[in-house]
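What's in target.csv: CSV, C-alpha atoms
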chain,number,residue,atom,x,y,z
A,1063,MET,CA,116.9,107.7,102.1
A,1064,THR,CA,119.9,106.8,99.9
A,1065,GLN,CA,120.6,103.4,98.5
A,1066,GLU,CA,123.6,103.0,100.8
A,1067,GLN,CA,121.4,103.8,103.9
A,1068,ILE,CA,118.8,101.3,102.7
A,1069,LYS,CA,121.5,98.6,102.1
A,1070,ASP,CA,122.9,99.2,105.6
A,1071,ARG,CA,119.5,98.7,107.1
A,1072,ILE,CA,119.0,95.5,105.1
A,1073,ALA,CA,122.4,94.1,106.3
A,1074,LYS,CA,121.5,94.9,109.9
A,1075,LYS,CA,118.1,93.3,109.6
A,1076,GLU,CA,119.6,90.2,108.0
A,1077,GLN,CA,122.0,89.9,110.9
A,1078,GLU,CA,119.0,90.3,113.3
A,1079,ILE,CA,117.2,87.5,111.5
A,1080,ALA,CA,120.2,85.2,111.7
A,1081,LYS,CA,120.3,85.7,115.5
A,1082,ILE,CA,116.6,85.0,115.8
A,1083,GLU,CA,116.9,81.8,113.8
A,1084,LYS,CA,119.7,80.7,116.1
A,1085,ARG,CA,117.4,81.5,119.1
A,1086,ILE,CA,114.7,79.3,117.6
A,1087,LYS,CA,117.2,76.4,117.0
A,1088,LYS,CA,118.6,76.8,120.5
A,1089,TRP,CA,115.1,76.2,122.1
A,1090,GLN,CA,114.3,73.5,119.7
A,1091,ASP,CA,117.5,71.7,120.6
A,1092,ALA,CA,116.8,72.3,124.3
A,1093,GLN,CA,113.8,70.0,124.2
A,1094,CYS,CA,115.8,66.9,125.2
A,1095,GLU,CA,116.6,64.9,128.3
A,1096,LYS,CA,120.1,66.2,128.5
A,1097,ALA,CA,119.1,69.9,128.4
A,1098,PHE,CA,116.2,69.2,130.8
A,1099,VAL,CA,118.5,67.6,133.4
A,1100,LYS,CA,121.0,70.4,133.1
A,1101,ASP,CA,118.4,73.1,133.6
A,1102,MET,CA,115.9,71.5,136.0
A,1103,GLY,CA,117.7,68.5,137.5
A,1104,TRP,CA,118.6,70.2,140.7
A,1105,LEU,CA,114.8,70.7,141.4
A,1106,PHE,CA,113.7,67.1,141.0
A,1107,ASN,CA,116.8,66.0,143.0
A,1108,MET,CA,115.2,68.1,145.8
A,1109,GLY,CA,112.0,66.0,145.6
A,1110,ARG,CA,109.9,67.9,143.0
A,1111,ASP,CA,107.7,65.8,140.7
A,1112,ARG,CA,109.8,65.0,137.6
A,1113,GLU,CA,106.8,64.8,135.2
A,1114,ASP,CA,105.5,68.1,136.4
A,1115,LEU,CA,108.9,69.7,136.0
A,1116,TRP,CA,109.2,68.2,132.5
A,1117,ASN,CA,105.9,69.6,131.4
A,1118,HIS,CA,106.8,73.0,132.8
A,1119,TYR,CA,110.2,72.9,131.0
A,1120,ILE,CA,108.7,72.0,127.6
A,1121,LYS,CA,106.1,74.7,128.0
A,1122,LYS,CA,108.9,77.2,128.7
A,1123,CYS,CA,110.8,76.0,125.5
A,1124,ASN,CA,107.7,76.3,123.4
A,1125,ASP,CA,106.9,79.7,124.7
A,1126,GLU,CA,110.4,80.9,123.8
A,1127,ILE,CA,110.1,79.4,120.4
A,1128,ASP,CA,106.8,81.2,119.9
A,1129,TYR,CA,108.3,84.5,121.0
A,1130,ALA,CA,111.2,84.0,118.6
A,1131,VAL,CA,108.9,83.0,115.7
A,1132,ASN,CA,106.9,86.2,116.2
A,1133,ASP,CA,110.1,88.3,116.3
A,1134,LEU,CA,111.3,86.5,113.1
A,1135,HIS,CA,108.0,87.3,111.3
A,1136,ASP,CA,108.3,91.0,112.2
A,1137,ALA,CA,111.9,91.1,111.1
A,1138,GLN,CA,111.2,89.4,107.8
A,1139,VAL,CA,108.3,91.9,107.1
A,1140,THR,CA,110.6,94.8,107.8
A,1141,LEU,CA,113.3,93.3,105.6
A,1142,GLU,CA,110.9,92.9,102.7
A,1143,LYS,CA,109.9,96.5,103.2
A,1144,TYR,CA,113.6,97.6,103.0
A,1145,ASN,CA,114.1,95.4,99.9
A,1146,GLN,CA,111.1,97.1,98.2
A,1147,GLN,CA,112.5,100.5,99.2
A,1148,LEU,CA,115.8,99.6,97.6
A,1149,VAL,CA,114.1,98.6,94.3
A,1150,VAL,CA,112.3,101.9,94.3
A,1151,ALA,CA,115.5,103.8,95.0
A,1152,GLN,CA,117.4,102.0,92.3
A,1153,ASP,CA,114.6,102.7,89.8
A,1154,LYS,CA,114.6,106.3,90.8
A,1155,GLU,CA,118.4,106.5,90.3
A,1156,ASN,CA,118.2,104.8,87.0
A,1157,THR,CA,115.5,107.1,85.8
A,1158,LEU,CA,117.4,110.2,86.9
A,1159,ASN,CA,120.6,108.9,85.2
A,1160,GLU,CA,118.7,108.4,81.9
A,1161,LEU,CA,116.9,111.7,81.8
A,1162,PRO,CA,116.9,113.5,78.5
A,1163,GLU,CA,119.3,116.4,78.5
A,1164,VAL,CA,116.5,119.0,78.3
A,1165,LEU,CA,115.0,117.7,81.6
A,1166,VAL,CA,118.5,117.8,83.2
A,1167,GLU,CA,118.8,121.4,82.2
A,1168,PHE,CA,115.4,122.2,83.5
A,1169,LYS,CA,116.0,120.5,86.8
A,1170,ASN,CA,119.4,122.3,87.2
A,1171,TRP,CA,117.8,125.7,86.4
A,1172,ILE,CA,115.1,125.1,89.1
A,1173,VAL,CA,117.7,124.2,91.7
A,1174,SER,CA,119.7,127.3,90.9
A,1175,CYS,CA,116.6,129.5,91.4
A,1176,TRP,CA,115.7,127.8,94.6
A,1177,ASP,CA,119.3,128.0,95.9
A,1178,ARG,CA,119.4,131.7,95.2
A,1179,TYR,CA,116.1,132.4,96.8
A,1180,ASP,CA,116.8,130.4,99.9
A,1181,LEU,CA,120.2,132.0,100.4
A,1182,ASP,CA,118.8,135.5,99.9
A,1183,ARG,CA,116.0,134.6,102.4
A,1184,LYS,CA,118.5,133.3,104.9
A,1185,GLU,CA,120.6,136.5,104.6
A,1186,GLU,CA,117.5,138.7,105.0
A,1187,ILE,CA,116.3,136.8,108.1
A,1188,TYR,CA,119.7,137.0,109.7
A,1189,LYS,CA,119.9,140.7,109.1
A,1190,LYS,CA,116.5,141.4,110.6
A,1191,TYR,CA,117.4,139.2,113.6
A,1192,LYS,CA,120.7,141.0,114.1
A,1193,ASP,CA,119.2,144.4,113.7
A,1194,PHE,CA,116.6,143.7,116.3
A,1195,TYR,CA,118.8,142.0,118.9
A,1196,TYR,CA,122.1,143.9,118.5
A,1197,VAL,CA,123.3,147.5,118.2
A,1198,ASN,CA,125.9,148.0,115.4
A,1199,GLY,CA,126.1,144.3,115.1
A,1200,THR,CA,127.9,143.9,118.5
A,1201,SER,CA,126.2,145.2,121.6
A,1202,TYR,CA,123.1,143.3,122.8
A,1203,ASN,CA,120.0,145.4,122.4
A,1204,ARG,CA,117.5,144.9,125.3
A,1205,HIS,CA,113.8,144.8,124.5
A,1206,THR,CA,110.6,144.6,126.5
A,1207,LEU,CA,108.7,141.3,126.5
A,1208,GLU,CA,106.0,142.9,124.4
A,1209,GLU,CA,108.5,144.1,121.8
A,1210,THR,CA,110.2,140.7,121.6
A,1211,ASN,CA,106.8,138.9,121.2
A,1212,GLU,CA,105.8,141.4,118.5
A,1213,PHE,CA,109.1,140.8,116.6
A,1214,TRP,CA,108.6,137.0,116.7
A,1215,ARG,CA,105.0,137.3,115.6
A,1216,THR,CA,106.0,139.4,112.7
A,1217,MET,CA,108.8,137.1,111.7
A,1218,ASN,CA,106.6,134.0,112.1
A,1219,HIS,CA,103.9,135.6,109.9
A,1220,LYS,CA,106.3,136.6,107.1
A,1221,TYR,CA,108.8,133.6,107.1
A,1222,GLY,CA,107.0,130.8,108.9
A,1223,HIS,CA,107.5,129.3,112.4
A,1224,GLY,CA,110.8,127.7,111.5
A,1225,TRP,CA,112.5,130.9,110.3
A,1226,HIS,CA,115.1,131.0,113.2
A,1227,ASN,CA,116.4,127.5,112.2
A,1228,ASP,CA,116.9,128.6,108.6
A,1229,MET,CA,119.6,131.1,109.8
A,1230,THR,CA,121.9,128.2,110.7
A,1231,THR,CA,121.2,126.0,107.6
A,1232,SER,CA,124.4,125.6,105.6
A,1233,GLN,CA,124.6,126.4,101.9
A,1234,GLU,CA,125.4,122.7,101.2
A,1235,ASP,CA,122.3,121.5,103.1
A,1236,ILE,CA,120.1,124.1,101.2
A,1237,HIS,CA,121.5,122.8,97.9
A,1238,LYS,CA,121.0,119.2,98.8
A,1239,ALA,CA,117.4,119.8,99.8
A,1240,ASN,CA,116.7,121.7,96.6
A,1241,VAL,CA,118.3,119.0,94.4
A,1242,LYS,CA,116.1,116.4,96.2
A,1243,ALA,CA,113.0,118.5,95.7
A,1244,ALA,CA,113.8,119.1,92.0
A,1245,GLU,CA,114.4,115.4,91.4
A,1246,SER,CA,111.0,114.6,92.9
A,1247,LEU,CA,109.4,117.2,90.6
A,1248,ILE,CA,111.1,115.7,87.5
A,1249,LEU,CA,110.3,112.1,88.6
A,1250,ASN,CA,106.6,113.1,89.1
A,1251,LEU,CA,106.7,114.6,85.6
A,1252,ILE,CA,108.2,111.4,84.1
A,1253,ASN,CA,105.7,109.2,86.0
A,1254,ARG,CA,102.7,111.2,84.8
A,1255,THR,CA,104.1,111.2,81.3
A,1256,ILE,CA,104.5,107.4,81.3
A,1257,GLU,CA,100.9,106.9,82.3
A,1258,ILE,CA,100.0,108.4,79.0
A,1259,THR,CA,102.9,107.4,76.7
A,1260,GLY,CA,104.1,104.2,78.2
A,1261,LYS,CA,107.8,103.7,77.9
A,1262,ILE,CA,109.3,106.9,76.6
A,1263,THR,CA,111.0,106.5,73.2
A,1264,ASP,CA,111.6,110.0,72.1
A,1265,ALA,CA,111.9,113.3,74.1
A,1266,ARG,CA,113.4,115.4,71.3
A,1267,GLY,CA,110.2,117.3,71.1
A,1268,LEU,CA,110.8,119.0,74.5
A,1269,TYR,CA,112.4,122.4,74.6
A,1270,LEU,CA,113.3,125.1,77.1
A,1271,ASP,CA,112.0,128.6,76.5
A,1272,ASN,CA,111.5,131.9,78.5
A,1273,ASP,CA,108.1,133.1,79.5
A,1274,ASN,CA,107.0,136.8,79.8
A,1275,ASN,CA,108.6,137.0,83.2
A,1276,GLY,CA,111.9,135.8,82.1
A,1277,PHE,CA,111.5,132.4,83.7
A,1278,THR,CA,112.8,129.3,82.0
A,1279,ILE,CA,109.9,126.9,81.1
A,1280,ILE,CA,109.7,123.5,79.5
A,1281,ASN,CA,107.2,122.8,76.8
A,1282,GLY,CA,106.8,120.4,73.9
A,1283,PHE,CA,106.0,116.7,73.3
A,1284,ILE,CA,107.2,113.3,74.6
A,1285,VAL,CA,106.6,110.2,72.5
A,1286,GLY,CA,106.2,106.7,73.9
A,1287,GLU,CA,105.3,103.2,73.0
A,1288,LYS,CA,101.6,103.9,73.8
A,1289,GLY,CA,101.2,107.4,72.4
A,1290,LYS,CA,102.2,111.1,72.7
A,1291,ALA,CA,101.9,113.6,75.5
A,1292,ARG,CA,102.0,117.4,75.6
A,1293,VAL,CA,104.1,119.0,78.3
A,1294,GLU,CA,103.6,122.5,79.5
A,1295,SER,CA,105.1,124.2,82.5
A,1296,ILE,CA,103.7,127.1,84.5
A,1297,LEU,CA,105.9,129.1,86.8
A,1298,ALA,CA,104.8,131.6,89.4
A,1299,GLY,CA,106.6,133.5,92.2
A,1300,GLY,CA,110.3,134.0,92.4
A,1301,TYR,CA,110.0,137.6,93.7
A,1302,ASN,CA,110.8,139.0,97.1
A,1303,ILE,CA,109.6,136.5,99.7
A,1304,GLN,CA,107.6,134.3,97.3
A,1305,ARG,CA,109.6,131.2,96.2
A,1306,LEU,CA,109.4,130.0,92.7
A,1307,HIS,CA,106.5,127.6,92.2
A,1308,VAL,CA,106.6,125.1,89.4
A,1309,ARG,CA,103.6,123.3,87.9
A,1310,VAL,CA,104.1,121.0,85.0
A,1311,LEU,CA,101.0,119.9,83.0
A,1312,VAL,CA,101.0,116.7,81.1
A,1313,LYS,CA,98.1,115.9,78.7
A,1314,PRO,CA,97.5,113.4,75.9
A,1315,ALA,CA,98.3,114.7,72.5
A,1316,LYS,CA,97.5,113.5,69.0
So that I can check it, write out the structure of this file as structure tokens.
Amino acid sequence: MTQEQIKDRIAKKEQEIAKIEKRIKKWQDAQCEKAFVKDMGWLFNMGRDREDLWNHYIKKCNDEIDYAVNDLHDAQVTLEKYNQQLVVAQDKENTLNELPEVLVEFKNWIVSCWDRYDLDRKEEIYKKYKDFYYVNGTSYNRHTLEETNEFWRTMNHKYGHGWHNDMTTSQEDIHKANVKAAESLILNLINRTIEITGKITDARGLYLDNDNNGFTIINGFIVGEKGKARVESILAGGYNIQRLHVRVLVKPAK
């Protein structure tokens, strides 16, 4: 959820709280002779016991206040949750905005690899789908139920059960999802590093390199107020149907 989405939820919850507070005041103000007569007067004018009606009326007001107080508590708890989410989102954005250049490059490289893989996968899935269901890409190709079930079983096994939805995912949505995933990976790296180093003071010891498979990896040292950490990345996959997997190790260093 973005900061703007969280802020929108906060604003709506604050409006809800304001309405509930007005509800509480309304029923508090209603506990008076004037409001009682307006609401219940017609009944005791018809011979009903006035004291009994008053007790019933006050109970009704108190019940409404209790309901509203409970609603207010629930809304305030939710508002606090949203405020905490906003702080986390702001911290995340600040961290990402202050990343060392080498981490920005590493993140962008990962995103580009994932984008390329996902787009190739989407094209491959669509081609197999089209080849199965259509002749020359135009005429519908009829199959038996057994053939159709076998095709879907094969596709599910190779691409996962949501493969048919991937055909309609736009390039923009693919990129957004991969950026979000890469940011999470980098934030996880930063958080694990800070546990060892404390506040990072020097990331100049990090560098990008190529491994034996031609993948870009990040290695080196990060220095913080509490100490030093060694960073080592291990990459696997990136071929055919196996998406690139990234594992970044962070260990204390002397």
Margin query: Can you measure atom CA of Ala1151 of chain A to atom CA of Lys1081 of chain A for me? One decimal in Å is fine.
Written below: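 For atom CA of Ala1151 of chain A relative to atom CA of Lys1081 of chain A, the distance reads 27.8 Å.
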Checklist line | Nearby residues (only C-alpha atoms) at most 12 Å from Lys1192 of chain A, same-chain spacing under 6 positions excluded, as a ChimeraX atom specification | finding: /A:1185-1186,1198-1203,1213,1226,1229
Restricting the output to C-alpha atoms, write the selected residues as a compact mmCIF listing (two decimals), keeping the file's coordinate frame.
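Produced file part.txt, reproduced below:
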# COMPACT_ATOMS: atom_id res chain seq x y z
CA GLU A 1185 120.60 136.50 104.60
CA GLU A 1186 117.50 138.70 105.00
CA ASN A 1198 125.90 148.00 115.40
CA GLY A 1199 126.10 144.30 115.10
CA THR A 1200 127.90 143.90 118.50
CA SER A 1201 126.20 145.20 121.60
CA TYR A 1202 123.10 143.30 122.80
CA ASN A 1203 120.00 145.40 122.40
CA PHE A 1213 109.10 140.80 116.60
CA HIS A 1226 115.10 131.00 113.20
CA MET A 1229 119.60 131.10 109.80
Check: Neighbours of segment 1265-1273 of chain A within 10 Å (only C-alpha atoms; same-chain residues fewer than 4 positions away dropped), as number ranges by chain?
Finding: A: 1161-1165, 1167-1168, 1277-1286, 1292-1297
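Look at Tyr1188 of chain A: the protein and nucleic acid residues within 12 Å of it, using all atoms listed in the file and passing over chain neighbours fewer than 2 places away, are Leu1181, Asp1182, Arg1183, Lys1184, Glu1185, Glu1186, Lys1190, Tyr1191, Lys1192, Asp1193, Phe1194, Tyr1195, Tyr1196, Gly1199, Met1217, Tyr1221, Trp1225, His1226, Asn1227, Asp1228, Met1229, Thr1230 and Thr1231 of chain A.
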List the neighbours of Thr1259 of chain A out to 6 Å using only C-alpha atoms; skip same-chain residues closer than 4 positions along the sequence, and give me the result as a PDB file with C-alpha atoms, keeping the file's coordinate frame.
ATOM      1  CA  GLY A1286     106.200 106.700  73.900  1.00  0.00           C
ATOM      2  CA  LYS A1288     101.600 103.900  73.800  1.00  0.00           C
ATOM      3  CA  GLY A1289     101.200 107.400  72.400  1.00  0.00           C
ATOM      4  CA  LYS A1290     102.200 111.100  72.700  1.00  0.00           C
TER       5      LYS A1290
END
Item checked: Who sits within 10 Å of Ala1244 of chain A, all atoms listed in the file, same chain under 2 positions skipped, as an NGL selection string -> :A and (1168-1173 or 1176 or 1238-1242 or 1246-1250 or 1308)
Those residues you just picked out, can you put them in a file as a PDB file, in the coordinates of the input with C-alpha atoms?
ATOM      1  CA  PHE A1168     115.400 122.200  83.500  1.00  0.00           C
ATOM      2  CA  LYS A1169     116.000 120.500  86.800  1.00  0.00           C
ATOM      3  CA  ASN A1170     119.400 122.300  87.200  1.00  0.00           C
ATOM      4  CA  TRP A1171     117.800 125.700  86.400  1.00  0.00           C
ATOM      5  CA  ILE A1172     115.100 125.100  89.100  1.00  0.00           C
ATOM      6  CA  VAL A1173     117.700 124.200  91.700  1.00  0.00           C
ATOM      7  CA  TRP A1176     115.700 127.800  94.600  1.00  0.00           C
ATOM      8  CA  LYS A1238     121.000 119.200  98.800  1.00  0.00           C
ATOM      9  CA  ALA A1239     117.400 119.800  99.800  1.00  0.00           C
ATOM     10  CA  ASN A1240     116.700 121.700  96.600  1.00  0.00           C
ATOM     11  CA  VAL A1241     118.300 119.000  94.400  1.00  0.00           C
ATOM     12  CA  LYS A1242     116.100 116.400  96.200  1.00  0.00           C
ATOM     13  CA  SER A1246     111.000 114.600  92.900  1.00  0.00           C
ATOM     14  CA  LEU A1247     109.400 117.200  90.600  1.00  0.00           C
ATOM     15  CA  ILE A1248     111.100 115.700  87.500  1.00  0.00           C
ATOM     16  CA  LEU A1249     110.300 112.100  88.600  1.00  0.00           C
ATOM     17  CA  ASN A1250     106.600 113.100  89.100  1.00  0.00           C
ATOM     18  CA  VAL A1308     106.600 125.100  89.400  1.00  0.00           C
TER      19      VAL A1308
END
Check: Between A:Glu1208, A:Val1312, A:Lys1087, A:Tyr1119, which one has atoms that come closest to Val1099 of chain A, using all atoms listed in the file?
Finding: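 Of the candidates, the smallest distance to Val1099 of chain A is held by A:Tyr1119.
Each of A:Ile1236, A:Val1197, A:Met1102, A:Leu1141 was checked against Asp1180 of chain A using all atoms listed in the file; the smallest atom-to-atom distance is that of A:Ile1236.
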Report the centre and edge lengths, in Å to one decimal, of an axis-aligned box enclosing every atom of segment 1066-1083 of chain A listed in the file, padded by 4 Å on each side, as AutoDock Vina command-line options.
--center_x 120.1 --center_y 92.8 --center_z 108.3 --size_x 15.0 --size_y 30.0 --size_z 23.0
Next item on the list: Work out how far atom CA of Met1063 of chain A is from atom CA of Ile1252 of chain A, in Å to one decimal.
Entry: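 Interatomic distance, atom CA of Ile1252 of chain A to atom CA of Met1063 of chain A: 20.3 Å.
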Item checked: Length of the atom CA of Glu1076 of chain A to atom CA of Leu1148 of chain A vector [Å] -> 14.5 Å
Note to self: For a quick check of understanding, using all atoms listed in the file, which of A:Ile1072, A:Ala1092, A:Cys1175, A:Val1166 has the smallest distance to Val1139 of chain A?
What the structure shows: A:Ile1072
Next item on the list: Tell me which of A:Leu1158, A:Ala1291, A:Val1150, A:Ile1082 sits closest to Tyr1129 of chain A, counting all atoms listed in the file.
Entry: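 Of all the options, A:Ile1082 lies closest to Tyr1129 of chain A.
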Next item on the list: Using only C-alpha atoms, find the one residue out of A:Ile1256, A:Val1149, A:Val1131, A:Ile1187 that sits nearest to Lys1084 of chain A.
Entry: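 Counting only C-alpha atoms, the residue closest to Lys1084 of chain A is A:Val1131.
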Next item on the list: Would you please work out which residue, of A:Lys1316, A:Thr1157, A:Asn1218, A:Glu1245, is nearest to Ile1258 of chain A when using only C-alpha atoms?
Entry: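 Ranking A:Lys1316, A:Thr1157, A:Asn1218, A:Glu1245 by distance to Ile1258 of chain A, first place goes to A:Lys1316.
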Complete the atoms of segment 1195-1213 of chain A to N, CA and C atoms and put them out as an mmCIF file, in the coordinates of the input.
data_model
loop_
_atom_site.group_PDB
_atom_site.id
_atom_site.type_symbol
_atom_site.label_atom_id
_atom_site.label_comp_id
_atom_site.auth_asym_id
_atom_site.auth_seq_id
_atom_site.Cartn_x
_atom_site.Cartn_y
_atom_site.Cartn_z
ATOM 1 N N TYR A 1195 118.226 142.433 117.679
ATOM 2 C CA TYR A 1195 118.800 142.000 118.900
ATOM 3 C C TYR A 1195 120.168 142.723 119.251
ATOM 4 N N TYR A 1196 120.783 143.341 118.246
ATOM 5 C CA TYR A 1196 122.100 143.900 118.500
ATOM 6 C C TYR A 1196 122.178 145.365 117.945
ATOM 7 N N VAL A 1197 123.005 146.169 118.598
ATOM 8 C CA VAL A 1197 123.300 147.500 118.200
ATOM 9 C C VAL A 1197 124.617 147.542 117.466
ATOM 10 N N ASN A 1198 124.638 148.017 116.240
ATOM 11 C CA ASN A 1198 125.900 148.000 115.400
ATOM 12 C C ASN A 1198 126.461 146.644 115.271
ATOM 13 N N GLY A 1199 125.610 145.622 115.373
ATOM 14 C CA GLY A 1199 126.100 144.300 115.100
ATOM 15 C C GLY A 1199 126.854 143.649 116.277
ATOM 16 N N THR A 1200 127.055 144.377 117.382
ATOM 17 C CA THR A 1200 127.900 143.900 118.500
ATOM 18 C C THR A 1200 127.214 143.879 119.831
ATOM 19 N N SER A 1201 126.775 145.054 120.264
ATOM 20 C CA SER A 1201 126.200 145.200 121.600
ATOM 21 C C SER A 1201 124.766 144.686 121.629
ATOM 22 N N TYR A 1202 124.460 143.897 122.658
ATOM 23 C CA TYR A 1202 123.100 143.300 122.800
ATOM 24 C C TYR A 1202 122.102 144.413 123.045
ATOM 25 N N ASN A 1203 121.017 144.383 122.310
ATOM 26 C CA ASN A 1203 120.000 145.400 122.400
ATOM 27 C C ASN A 1203 118.808 144.829 123.232
ATOM 28 N N ARG A 1204 118.575 145.370 124.426
ATOM 29 C CA ARG A 1204 117.500 144.900 125.300
ATOM 30 C C ARG A 1204 116.148 145.386 124.831
ATOM 31 N N HIS A 1205 115.158 144.471 124.891
ATOM 32 C CA HIS A 1205 113.800 144.800 124.500
ATOM 33 C C HIS A 1205 112.835 144.365 125.580
ATOM 34 N N THR A 1206 111.678 144.995 125.595
ATOM 35 C CA THR A 1206 110.600 144.600 126.500
ATOM 36 C C THR A 1206 110.066 143.234 125.982
ATOM 37 N N LEU A 1207 109.375 142.518 126.859
ATOM 38 C CA LEU A 1207 108.700 141.300 126.500
ATOM 39 C C LEU A 1207 107.740 141.492 125.343
ATOM 40 N N GLU A 1208 107.003 142.591 125.427
ATOM 41 C CA GLU A 1208 106.000 142.900 124.400
ATOM 42 C C GLU A 1208 106.678 143.152 123.053
ATOM 43 N N GLU A 1209 107.813 143.862 123.060
ATOM 44 C CA GLU A 1209 108.500 144.100 121.800
ATOM 45 C C GLU A 1209 109.075 142.834 121.209
ATOM 46 N N THR A 1210 109.614 141.996 122.072
ATOM 47 C CA THR A 1210 110.200 140.700 121.600
ATOM 48 C C THR A 1210 109.077 139.840 121.007
ATOM 49 N N ASN A 1211 107.947 139.759 121.711
ATOM 50 C CA ASN A 1211 106.800 138.900 121.200
ATOM 51 C C ASN A 1211 106.319 139.461 119.874
ATOM 52 N N GLU A 1212 106.265 140.772 119.737
ATOM 53 C CA GLU A 1212 105.800 141.400 118.500
ATOM 54 C C GLU A 1212 106.765 141.059 117.345
ATOM 55 N N PHE A 1213 108.067 141.123 117.632
ATOM 56 C CA PHE A 1213 109.100 140.800 116.600
ATOM 57 C C PHE A 1213 108.906 139.363 116.128
#
